[in-house]
Amino acid sequence: FTSKLPEVGTTIFTKMSALAGAFDAINLAQGFPEFDCAPGLQALVSKYMKLGKNQYAPMAGVSALREAITQKINTYNHCSYDPDLEITITSGATEALYVAISAVVRPGDEVIVFEPAYDSYVPAIRMSGGVPVYVTLDPRFQKIDWEQVSTRISTRTRAIIVNTPNNPSGYVWTREDLLQLDTLASRHDLIVISDEVYEHIIFDGRKHLSVSSVKSLAERSFICGSFGKTFHITGWKLGYCLATAAFMVEFRKIHQFMVFSVITPFQFAIAEFLNEPEHYLELSAFYQRKRDLFNDALKATGFDIRPTEGSFFQNAGYAGLSEENDLALAERLTREIGVASIPVSSFYAAPVSYKVLRFCFAKNDDTLLKAAERLGKIS
Ligand code: PMP
Ligand code: GLN
């Protein structure tokens with residue numbers, strides 16, 4: 001049969017992890033922590049398994065977890081979502097994003113996508129017959145070009161995808177960005193799909209500003225989150241979606257037939273763990289120290305570093321070090337010096353020639369220091 005996604009291959013994260021494995025390289029490519037989650041969280045999973053919480057969870061997720069999320073966002077984001085009507089637990093942010101996009105996008109609808117873009121947005125848009133319309137920014141952008149955004153909007157624009165903190169640029173949206181978005185979204189009646197999976201990994205005193213912090217935006221948004229980044233449990237594939245009750249009715253119509261519900265004892269465990277805010281409020285300081293350690297160690301290498309504002313990714317320019325394109329360099333560094341990274345061109349639809357690699361610093365200190373030492377020998 002004819003492929004529905006002819007332009008899609010295997011993701012760059014899978015490819016670079018496989019290459020790292022084949023060459024026994026340090027894997028700073030795919031974004032996942034090298035360290036384990038808290039023993040207390042593991043103990044809670046086994047507690048709830050032993051308590052017999054092993055059958056289907058309710059379609060929307062276990063109520064203890066939805067209630068814990070309501071409590072958390074009440075205090076942390078100062079906004080309120082009804083646990084029964086406005087929150088659904090999903091199989092990672094990936095499912096939340098896919099379902100939100102599927103609920104909103106119809107054939108021929110245009111969706112604004114900022115590039116560099118995380119790789120799951122565009123295939124989801126295409127599967128619904130939508131057309132991605134790109135706002136293309138430098139991989140290390142420090143400002144959103146709102147002029148460019150407004151020129152991309154047409155009468156067919158249905159939705160806009162936000163990602164703050166951004167993977168891979170590390171850019172963190174400002175209050176001004178949210179206000180600009182609010183103006184455009186209300187003028188053109190756009191739906192906002194906001195990917196906020198790195199909400200708790202944010203540096204230098206910045207604050208995460210969820211789209212839900214602006215009431216008029218919250219009313220037109222699906223907010224997608226993940227526990228994977230926050231609790232070092234990317235393998236659990238647990239996330240959630242927040243939206244108004246009317247939006248959530250449509251979201252759940254699709255979620256119930258995509259997965260119906262997600263893994264029960266793990267939801268109970270996270271619900272209990274979430275009640276202690278130190279488990280997520282200390283994360284930014286934890287990762288900021290790692291960012292700084294890695295960046296200091298890279299100083300001697302000649303890579304051009306501008307410290308990332310949020311997420312656990314550091315982009316590094318290599319224009320002064322090599323003429324190679326980013327994919328060729330990322331592959332060569334994996335094979336020859338044993339450090340895997342992600343070429344940032346993979347976050348763009350059309351070919352681009354930025355000389356930038358993305359490194360994940362969610363790793364133990366000695367791994368980061370060893371990688372930086374190897375990166376000193378790239379030429
Ligand atoms: N969005 C972004 C920006 C990500 O980096 C990731 C990371 N994997 C995801 C979504 C997917 O999150 P999850 O693993 O919870 O599906
Ligand atoms: N979000 C992770 C990254 O950006 C990858 C997740 C995946 O492999 N799909 O590296």
# chains A, B, ... in the order shown; residues from 1 in each chain; ligands from 1

call {"tool": "closest_atom_pairs", "arguments": {"of": "stretch 162-273 of chain A", "to": "stretch 58-80 of chain A", "cutoff": "9 Å", "atoms": "only C-alpha atoms", "output": "Markdown table"}}
result
| residue | atom | partner | partner_atom | distance |
| --- | --- | --- | --- | --- |
| A:His208 | CA | A:Asn77 | CA | 8.4 |
| A:Leu209 | CA | A:Asn77 | CA | 7.8 |
| A:Ser210 | CA | A:Asn77 | CA | 7.1 |
| A:Ser212 | CA | A:Cys79 | CA | 6.8 |
| A:Ser213 | CA | A:Cys79 | CA | 6.5 |
| A:Lys215 | CA | A:Cys79 | CA | 8.5 |
| A:Tyr240 | CA | A:Arg66 | CA | 8.9 |
| A:Arg252 | CA | A:Ala60 | CA | 7.3 |
| A:His255 | CA | A:Met59 | CA | 8.1 |
| A:Gln256 | CA | A:Met59 | CA | 6.3 |
| A:Val259 | CA | A:Met59 | CA | 8.7 |
| A:Phe260 | CA | A:Met59 | CA | 5.5 |
| A:Ser261 | CA | A:Met59 | CA | 4.6 |
| A:Val262 | CA | A:Gly61 | CA | 7.0 |
| A:Ile263 | CA | A:Gly61 | CA | 8.9 |
| A:Thr264 | CA | A:Val62 | CA | 7.2 |
| A:Gln267 | CA | A:Leu65 | CA | 6.2 |
| A:Phe268 | CA | A:Leu65 | CA | 6.4 |
| A:Ala269 | CA | A:Leu65 | CA | 8.6 |
| A:Ile270 | CA | A:Leu65 | CA | 6.9 |
| A:Ala271 | CA | A:Leu65 | CA | 4.3 |
| A:Glu272 | CA | A:Ala68 | CA | 7.7 |

call {"tool": "write_last_selection", "arguments": {"atoms": "C-alpha atoms", "output": "PDB file, in the first residue's frame"}}
result
ATOM      1  CA  HIS A 208       8.260  28.449  33.606  1.00  0.00           C
ATOM      2  CA  LEU A 209       5.305  30.311  32.132  1.00  0.00           C
ATOM      3  CA  SER A 210       2.702  27.810  31.072  1.00  0.00           C
ATOM      4  CA  SER A 212      -2.314  28.142  31.163  1.00  0.00           C
ATOM      5  CA  SER A 213      -1.025  31.182  33.095  1.00  0.00           C
ATOM      6  CA  LYS A 215      -6.616  32.808  31.186  1.00  0.00           C
ATOM      7  CA  TYR A 240      -0.934  13.980  30.883  1.00  0.00           C
ATOM      8  CA  ARG A 252     -10.949  11.516  25.468  1.00  0.00           C
ATOM      9  CA  HIS A 255      -7.580   8.598  23.834  1.00  0.00           C
ATOM     10  CA  GLN A 256     -10.122   5.885  24.745  1.00  0.00           C
ATOM     11  CA  VAL A 259      -4.861   3.194  24.467  1.00  0.00           C
ATOM     12  CA  PHE A 260      -8.071   3.295  26.569  1.00  0.00           C
ATOM     13  CA  SER A 261      -6.045   3.809  29.762  1.00  0.00           C
ATOM     14  CA  VAL A 262      -2.438   3.639  30.967  1.00  0.00           C
ATOM     15  CA  ILE A 263      -0.501   1.537  33.462  1.00  0.00           C
ATOM     16  CA  THR A 264      -2.296   1.481  36.824  1.00  0.00           C
ATOM     17  CA  GLN A 267      -0.097   6.076  38.264  1.00  0.00           C
ATOM     18  CA  PHE A 268      -0.831   5.457  41.953  1.00  0.00           C
ATOM     19  CA  ALA A 269       2.882   5.643  42.739  1.00  0.00           C
ATOM     20  CA  ILE A 270       3.345   8.972  40.988  1.00  0.00           C
ATOM     21  CA  ALA A 271       0.196  10.331  42.653  1.00  0.00           C
ATOM     22  CA  GLU A 272       1.665   9.723  46.089  1.00  0.00           C
TER      23      GLU A 272
END

call {"tool": "select_by_dssp", "arguments": {"residues": "stretch 131-210 of chain A", "states": "helix (DSSP H, G or I)", "output": "list in words"}}
result
Trp146, Glu147, Gln148, Val149, Ser150, Thr151, Arg152, Arg175, Glu176, Asp177, Leu178, Leu179, Gln180, Leu181, Asp182, Thr183, Leu184, Ala185, Ser186, Arg187 and His188 of chain A

call {"tool": "closest_atom_pairs", "arguments": {"of": "chain A", "to": "ligand 2", "cutoff": "7 Å", "atoms": "only C-alpha atoms and all ligand atoms", "output": "tab-separated table"}}
result
residue	atom	partner	partner_atom_place_in_ligand_line	distance
A:Phe13	CA	ligand 2	8 (O)	4.7
A:Thr14	CA	ligand 2	8 (O)	5.9
A:Ala29	CA	ligand 2	10 (O)	6.3
A:Gln30	CA	ligand 2	10 (O)	3.7
A:Gly31	CA	ligand 2	10 (O)	3.4
A:Phe32	CA	ligand 2	2 (C)	6.7
A:Tyr118	CA	ligand 2	4 (O)	6.8
A:Asn167	CA	ligand 2	4 (O)	6.4

call {"tool": "write_last_selection", "arguments": {"atoms": "C-alpha atoms", "output": "PDB file, in the first residue's frame"}}
result
ATOM      1  CA  PHE A  13      17.160   9.481  18.431  1.00  0.00           C
ATOM      2  CA  THR A  14      16.825   5.772  17.642  1.00  0.00           C
ATOM      3  CA  ALA A  29      22.327  11.935  21.842  1.00  0.00           C
ATOM      4  CA  GLN A  30      18.880  10.637  22.835  1.00  0.00           C
ATOM      5  CA  GLY A  31      17.530  12.597  25.809  1.00  0.00           C
ATOM      6  CA  PHE A  32      17.256  10.371  28.866  1.00  0.00           C
ATOM      7  CA  TYR A 118      10.553  18.129  18.250  1.00  0.00           C
ATOM      8  CA  ASN A 167      13.904  21.086  22.733  1.00  0.00           C
TER       9      ASN A 167
END

call {"tool": "residues_around", "arguments": {"residues": "A:Leu298", "least_positions_apart": "4", "cutoff": "7 Å", "atoms": "only C-alpha atoms", "output": "list in words"}}
result
Phe294, Phe303 and Ala372 of chain A

call {"tool": "write_last_selection", "arguments": {"atoms": "C-alpha atoms", "output": "PDB file, in the first residue's frame"}}
result
ATOM      1  CA  PHE A 294      29.589  20.341  31.214  1.00  0.00           C
ATOM      2  CA  PHE A 303      32.892  24.530  20.742  1.00  0.00           C
ATOM      3  CA  ALA A 372      34.084  16.816  27.173  1.00  0.00           C
TER       4      ALA A 372
END

call {"tool": "residues_near_ligand", "arguments": {"ligand": "ligand 1", "cutoff": "8 Å", "atoms": "only C-alpha atoms and all ligand atoms", "output": "ChimeraX atom specification"}}
result
/A:31-32,91-97,117-118,120,163,165-168,195-198,225-229,234-235,237-239

call {"tool": "closest_residue", "arguments": {"among": "A:Glu324, A:Asp109, A:Asp204, A:Asp296", "to": "A:Thr155", "atoms": "only C-alpha atoms"}}
result
A:Asp109
